[in-house]
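Below is one structure, written out as structure tokens, with a few remarks after it.
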Amino acid sequence: MVIDLKIYIEGYGCTLNTADTEIIKNSIKEFQNFEITTDLNDSDIIVVNTCIVRQETEHRMISRIEYFKSLNKKVVVAGCMAKALPKKIEYFSDCMVLPREAQNSGNILFKKFIENKEKTNFENNLSEKLNKLSSKGLISPMPISEGCLGNCSYCIVKKARGTLESYDRKLIVKKAMEFINSGTKCLLITAQDTACYGYDNNDNLSNLIDDISEIPEKFAMRIGMMHAKFAEPILDELVESFKSEKVVKFLHLPIQSGDNQVLKDMGRNYTVDEFISVLNEFKRKIKDLNFTTDVIVGFPSETEDAFNNTLEVLKKIKPDFTHGAKYSQRKYTKAALLKQVDTKIRKERSEILNELRRDLSYGNNKRHIGQTFEILVTKNNMGVTENSKNVIFKDNAKIGEFRKVKISDANTFGLLGKLLE
């Protein structure tokens with residue numbers, strides 16, 4: 001007897017998780033017994049691809065899973081929470097799909113809900129995972145590895161995603177060509193840490209960028225977050241790769257703290273000076289570089305002086321954008337065992353950081369007034385520059401076009417401009 005089940009899929013989290021959600025969907029689509037629906041109320045099974053990077057995110061995930069279960073639906077919990085915190089959601093979950101099992105989602109659900117059998121171990125072939133990824137349209141995530149080589153004392157994602165396993169370079173380039181030929185204009189090169197790509201298979205990020213750059217069509221690629229520790233050994237060739245006209249002049253290099261003792265306690269494995277040395281090499285050689293960083297305030301060992309050191313370093317390095325976050329105590333991490341900074345102090349420091357990061361962003365954006373950039377038109381009256389800044393304009397333009405724009409004004413987190421003929 002044929003059993004047809006409607007499946008509703010919801011995904012959260014980073015660009016890497018966005019790709020995993022697409023892989024889950026494509027794996028499920030391969031089975032005739034399943035139909036993907038966008039109507040939650042019409043579904044029989046709900047798949048939620050989870051994120052747990054912060055405590056408030058975890059609470060939101062649990063709340064969402066509990067709500068789904070209250071609808072008297074079958075609930076499948078996928079992603080980072082399924083791997084890192086299975087005990088927290090096993091009562092509300094009928095089935096779990098781990099991050100490195102995304103490509104087997106259809107098989108796992110078929111076994112569970114059609115054959116009524118317990119989950120069996122499938123071979124988790126990462127090449128197959130990338131093969132199941134399809135283009136998201138104009139802008140598409142392109143994962144290049146699973147896991148990372150870092151051991152940050154505050155991070156639970158390592159428990160969820162594991163240690164580094166890089167995709168084969170030829171396979172990534174083939175998938176990139178497939179996306180570009182199907183209409184993708186911007187590839188979001190993504191990983192937990194793009195800089196450590198290839199450390200496990202005698203390859204490196206620079207080689208990958210160079211190979212993708214050779215694809216002849218008109219497109220752009222934005223390189224995702226990288227760790228300064230792993231960028232430094234390949235710095236010369238990496239900076240050269242960034243000079244390609246295909247590479248968006250965007251550098252996401254998280255500093256996390258501007259205090260050396262806090263960096264040591266975080267397990268970041270670089271000093272402030274070492275970080276700045278890597279950053280300055282990019283800034284010296286890449287024109288109009290959009291430098292984005294991340295800062296955690298209220299880490300357990302962050303004193304008032306350490307926090308002030310961070311503010312001074314930010315004033316020195318002047319990020320175009322700063323992702324500021326209050327430290328979030330995560331289970332299974334070393335930092336969770338330390339004496340915690342008072343919640344009120346974390347909040348106060350976060351507010352001070354927020355004011356500074358806004359000032360720095362506005363100052364950086366103002367310097368672009370009068371400049372001309374190429375943009376990719378992403379929405380009506382909106383585009384993204386070749387250094388990944390949003391521009392709003394009044395002129396008519398076709399979505400997906402590359403156009404020239406002259407910047408006429410700036411605000412805190414974006415630019416205003418006029419299209420040129």
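Identifiers for the structure tokens are assigned positionally: chains receive A, B, ... in sequence, residues are indexed from 1 per chain, and ligands are indexed from 1 in the order shown.
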
Give me every alpha helix (DSSP H) residue in range 165-231 of chain A, going by DSSP on the backbone, as a list in words. Arg169, Lys170, Leu171, Ile172, Val173, Lys174, Lys175, Ala176, Met177, Glu178, Phe179, Ile180, Asn181, Leu205, Ser206, Asn207, Leu208, Ile209, Asp210, Asp211, Ile212, Ser213, Ala228, Lys229, Phe230 and Ala231 of chain A

Out of range 182-337 of chain A, which residues get strand (DSSP E or B) from DSSP, as a list in words?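 Reading the DSSP output for range 182-337 of chain A, strand (DSSP E or B) covers Cys186, Leu187, Leu188, Ile189, Thr190, Ala220, Met221, Arg222, Ile223, Val247, Phe250, Leu251, His252, Gln256, Asn290, Phe291, Thr292, Thr293, Asp294, Val295, Ile296, Val297, Phe321, Thr322, His323, Gly324, Ala325 and Lys326 of chain A.
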
Residue contacts of Ile352 in chain A (12 Å, only C-alpha atoms) excluding same-chain residues fewer than 4 positions away, as JSON, numbers by chain: {"A": [297, 298, 307, 308, 310, 311, 324, 325, 326, 345, 346, 347, 348, 356, 357, 358, 359]}

Write out as an mmCIF file with N, CA and C atoms, in the first residue's frame each polymer residue whose atoms come within 12 Å of Asp168 in chain A, counting only C-alpha atoms; drop sequence neighbours fewer than 2 positions from it.
data_model
loop_
_atom_site.group_PDB
_atom_site.id
_atom_site.type_symbol
_atom_site.label_atom_id
_atom_site.label_comp_id
_atom_site.auth_asym_id
_atom_site.auth_seq_id
_atom_site.Cartn_x
_atom_site.Cartn_y
_atom_site.Cartn_z
ATOM 1 N N ASN A 125 28.598 9.777 3.323
ATOM 2 C CA ASN A 125 29.542 10.186 2.292
ATOM 3 C C ASN A 125 29.375 11.682 2.037
ATOM 4 N N LEU A 126 30.383 12.464 2.391
ATOM 5 C CA LEU A 126 30.264 13.909 2.247
ATOM 6 C C LEU A 126 30.168 14.352 0.794
ATOM 7 N N SER A 127 30.790 13.618 -0.109
ATOM 8 C CA SER A 127 30.666 13.956 -1.527
ATOM 9 C C SER A 127 29.209 13.883 -1.953
ATOM 10 N N GLU A 128 28.504 12.883 -1.434
ATOM 11 C CA GLU A 128 27.081 12.727 -1.746
ATOM 12 C C GLU A 128 26.285 13.899 -1.173
ATOM 13 N N LYS A 129 26.737 14.408 -0.038
ATOM 14 C CA LYS A 129 26.053 15.561 0.556
ATOM 15 C C LYS A 129 26.123 16.765 -0.374
ATOM 16 N N LEU A 130 27.304 17.040 -0.906
ATOM 17 C CA LEU A 130 27.452 18.165 -1.819
ATOM 18 C C LEU A 130 26.690 17.932 -3.122
ATOM 19 N N ASN A 131 26.653 16.669 -3.582
ATOM 20 C CA ASN A 131 25.913 16.340 -4.807
ATOM 21 C C ASN A 131 24.431 16.649 -4.680
ATOM 22 N N PRO A 143 28.935 25.267 0.343
ATOM 23 C CA PRO A 143 29.769 24.721 1.417
ATOM 24 C C PRO A 143 31.057 24.129 0.845
ATOM 25 N N ILE A 144 32.162 24.303 1.576
ATOM 26 C CA ILE A 144 33.437 23.756 1.112
ATOM 27 C C ILE A 144 34.029 22.752 2.105
ATOM 28 N N SER A 145 33.464 22.686 3.308
ATOM 29 C CA SER A 145 33.961 21.721 4.296
ATOM 30 C C SER A 145 32.950 21.544 5.410
ATOM 31 N N GLU A 146 33.167 20.502 6.188
ATOM 32 C CA GLU A 146 32.407 20.259 7.416
ATOM 33 C C GLU A 146 33.360 20.394 8.594
ATOM 34 N N GLU A 165 36.611 18.262 7.766
ATOM 35 C CA GLU A 165 36.611 17.355 6.622
ATOM 36 C C GLU A 165 36.263 18.189 5.383
ATOM 37 N N SER A 166 37.253 18.404 4.537
ATOM 38 C CA SER A 166 37.071 19.272 3.363
ATOM 39 C C SER A 166 36.508 18.489 2.189
ATOM 40 N N LYS A 170 37.813 19.609 -6.858
ATOM 41 C CA LYS A 170 37.197 19.429 -8.180
ATOM 42 C C LYS A 170 35.678 19.321 -8.067
ATOM 43 N N LEU A 171 35.219 18.676 -7.014
ATOM 44 C CA LEU A 171 33.778 18.525 -6.811
ATOM 45 C C LEU A 171 33.125 19.877 -6.530
ATOM 46 N N ILE A 172 33.799 20.711 -5.721
ATOM 47 C CA ILE A 172 33.272 22.043 -5.418
ATOM 48 C C ILE A 172 33.204 22.896 -6.688
ATOM 49 N N VAL A 173 34.271 22.866 -7.480
ATOM 50 C CA VAL A 173 34.307 23.663 -8.714
ATOM 51 C C VAL A 173 33.213 23.196 -9.682
ATOM 52 N N LYS A 174 33.025 21.892 -9.779
ATOM 53 C CA LYS A 174 31.967 21.337 -10.644
ATOM 54 C C LYS A 174 30.591 21.825 -10.183
ATOM 55 N N LYS A 175 30.368 21.816 -8.867
ATOM 56 C CA LYS A 175 29.081 22.275 -8.331
ATOM 57 C C LYS A 175 28.926 23.776 -8.559
ATOM 58 N N TYR A 197 40.159 25.359 5.096
ATOM 59 C CA TYR A 197 39.855 24.441 3.996
ATOM 60 C C TYR A 197 41.149 23.799 3.475
ATOM 61 N N GLY A 198 41.110 22.473 3.321
ATOM 62 C CA GLY A 198 42.225 21.763 2.714
ATOM 63 C C GLY A 198 43.348 21.381 3.661
ATOM 64 N N TYR A 199 43.293 21.839 4.901
ATOM 65 C CA TYR A 199 44.341 21.459 5.860
ATOM 66 C C TYR A 199 44.374 19.945 6.078
ATOM 67 N N ASP A 200 43.261 19.278 5.814
ATOM 68 C CA ASP A 200 43.165 17.827 6.042
ATOM 69 C C ASP A 200 43.475 17.013 4.791
ATOM 70 N N ASN A 201 43.570 17.649 3.616
ATOM 71 C CA ASN A 201 43.797 16.866 2.391
ATOM 72 C C ASN A 201 44.834 17.509 1.460
ATOM 73 N N ASN A 202 45.786 18.205 2.081
ATOM 74 C CA ASN A 202 46.914 18.774 1.337
ATOM 75 C C ASN A 202 46.466 19.778 0.276
ATOM 76 N N ASP A 203 45.496 20.594 0.624
ATOM 77 C CA ASP A 203 44.982 21.613 -0.284
ATOM 78 C C ASP A 203 44.876 22.912 0.497
ATOM 79 N N ASN A 204 44.380 23.975 -0.118
ATOM 80 C CA ASN A 204 44.140 25.203 0.645
ATOM 81 C C ASN A 204 43.099 26.083 -0.040
ATOM 82 N N LEU A 205 42.614 27.076 0.697
ATOM 83 C CA LEU A 205 41.540 27.947 0.225
ATOM 84 C C LEU A 205 41.950 28.735 -1.010
ATOM 85 N N ASN A 207 43.930 27.878 -3.478
ATOM 86 C CA ASN A 207 43.797 27.026 -4.676
ATOM 87 C C ASN A 207 42.343 26.949 -5.129
ATOM 88 N N LEU A 208 41.456 26.805 -4.159
ATOM 89 C CA LEU A 208 40.028 26.689 -4.474
ATOM 90 C C LEU A 208 39.493 27.973 -5.101
#

Closest-contact table, range 176-220 of chain A side, partner range 134-141 of chain A, 8 Å, counting only C-alpha atoms, as JSON lines:
{"residue": "A:Phe179", "atom": "CA", "partner": "A:Ser135", "partner_atom": "CA", "distance": 5.4}
{"residue": "A:Ser182", "atom": "CA", "partner": "A:Ser135", "partner_atom": "CA", "distance": 7.5}
{"residue": "A:Gly183", "atom": "CA", "partner": "A:Leu138", "partner_atom": "CA", "distance": 6.3}
{"residue": "A:Thr184", "atom": "CA", "partner": "A:Leu138", "partner_atom": "CA", "distance": 4.4}
{"residue": "A:Lys185", "atom": "CA", "partner": "A:Leu138", "partner_atom": "CA", "distance": 5.3}
{"residue": "A:Cys186", "atom": "CA", "partner": "A:Ile139", "partner_atom": "CA", "distance": 4.8}
{"residue": "A:Leu187", "atom": "CA", "partner": "A:Ser140", "partner_atom": "CA", "distance": 5.2}
{"residue": "A:Leu188", "atom": "CA", "partner": "A:Pro141", "partner_atom": "CA", "distance": 4.5}
{"residue": "A:Ile189", "atom": "CA", "partner": "A:Pro141", "partner_atom": "CA", "distance": 6.3}
{"residue": "A:Thr190", "atom": "CA", "partner": "A:Pro141", "partner_atom": "CA", "distance": 6.6}

Need to verify the contact set: Phe68 in chain A, 12 Å, only C-alpha atoms, exclusion of same-chain residues closer than 5 positions in sequence. Can you return it as a list in words?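 The contact residues come out as Tyr8, Ile9, Glu10, Leu40, Asn41, Ser43, Asp44, Ile45, Ile46, Val47, Val48, Met61, Ile62, Ser63, Lys73, Lys74, Val75, Val76, Val77, Phe92, Ser93 and Asp94 of chain A.
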
Near range 360-368 of chain A, counting only C-alpha atoms, which residues have an atom at most 8 Å away, once you skip same-chain residues fewer than 2 positions from it, shown as a ChimeraX atom specification? /A:315,318-322,356-358,370-371,407,409-415

Export N, CA and C atoms of the chosen residues as a tab-separated table (two decimals), in the first residue's frame?
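As a result, out-v7.tsv now contains:
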chain	number	residue	atom	x	y	z
A	315	LYS	N	38.61	50.71	17.70
A	315	LYS	CA	38.82	52.07	17.19
A	315	LYS	C	40.04	52.11	16.27
A	318	LYS	N	38.99	49.67	13.00
A	318	LYS	CA	37.83	50.27	12.31
A	318	LYS	C	37.07	49.30	11.39
A	319	PRO	N	36.42	48.29	11.95
A	319	PRO	CA	35.64	47.37	11.11
A	319	PRO	C	34.50	48.10	10.41
A	320	ASP	N	34.20	47.68	9.17
A	320	ASP	CA	33.03	48.20	8.47
A	320	ASP	C	31.75	47.74	9.16
A	321	PHE	N	31.80	46.54	9.69
A	321	PHE	CA	30.64	46.02	10.43
A	321	PHE	C	31.16	45.12	11.54
A	322	THR	N	30.52	45.21	12.70
A	322	THR	CA	30.90	44.37	13.84
A	322	THR	C	29.69	43.60	14.33
A	356	LEU	N	29.53	52.03	19.70
A	356	LEU	CA	30.79	52.18	18.98
A	356	LEU	C	30.73	51.55	17.60
A	357	ARG	N	30.17	50.36	17.50
A	357	ARG	CA	30.15	49.66	16.21
A	357	ARG	C	29.31	50.44	15.20
A	358	ARG	N	28.25	51.09	15.65
A	358	ARG	CA	27.42	51.90	14.76
A	358	ARG	C	28.21	53.11	14.25
A	370	GLY	N	30.63	59.43	-3.35
A	370	GLY	CA	31.32	59.91	-4.54
A	370	GLY	C	32.00	58.81	-5.35
A	371	GLN	N	32.13	57.63	-4.75
A	371	GLN	CA	32.76	56.52	-5.46
A	371	GLN	C	31.76	55.81	-6.38
A	407	ILE	N	27.79	56.36	-5.56
A	407	ILE	CA	27.29	56.52	-4.19
A	407	ILE	C	27.07	57.99	-3.89
A	409	ASP	N	25.12	58.98	-0.91
A	409	ASP	CA	24.96	59.21	0.53
A	409	ASP	C	25.18	57.88	1.27
A	410	ALA	N	25.27	57.98	2.58
A	410	ALA	CA	25.51	56.78	3.40
A	410	ALA	C	24.69	56.85	4.67
A	411	ASN	N	24.35	55.69	5.18
A	411	ASN	CA	23.77	55.61	6.52
A	411	ASN	C	24.57	54.58	7.33
A	412	THR	N	24.08	54.23	8.49
A	412	THR	CA	24.88	53.39	9.40
A	412	THR	C	25.24	52.05	8.78
A	413	PHE	N	24.28	51.40	8.16
A	413	PHE	CA	24.52	50.05	7.67
A	413	PHE	C	24.30	49.88	6.17
A	414	GLY	N	24.39	50.96	5.41
A	414	GLY	CA	24.19	50.83	3.98
A	414	GLY	C	24.52	52.12	3.24
A	415	LEU	N	24.33	52.07	1.92
A	415	LEU	CA	24.66	53.20	1.05
A	415	LEU	C	23.46	53.58	0.20

So, with only C-alpha atoms as the atoms that count, which of A:Asn396, A:Glu101, A:Ile296, A:Lys379 lies closest to Arg349 in chain A?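 Counting only C-alpha atoms, the residue closest to Arg349 in chain A is A:Ile296.
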
Write out as a ChimeraX atom specification which residues come within 9 Å of Phe299 in chain A when counting only C-alpha atoms, dropping same-chain ones fewer than 4 positions away. /A:154,262,266,303,326-329,335,340-341,346

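With only C-alpha atoms as the atoms that count, the residue of A:Gly224, A:Gly383, A:Gly11, A:Gly267 with the shortest distance to His252 in chain A is A:Gly224.
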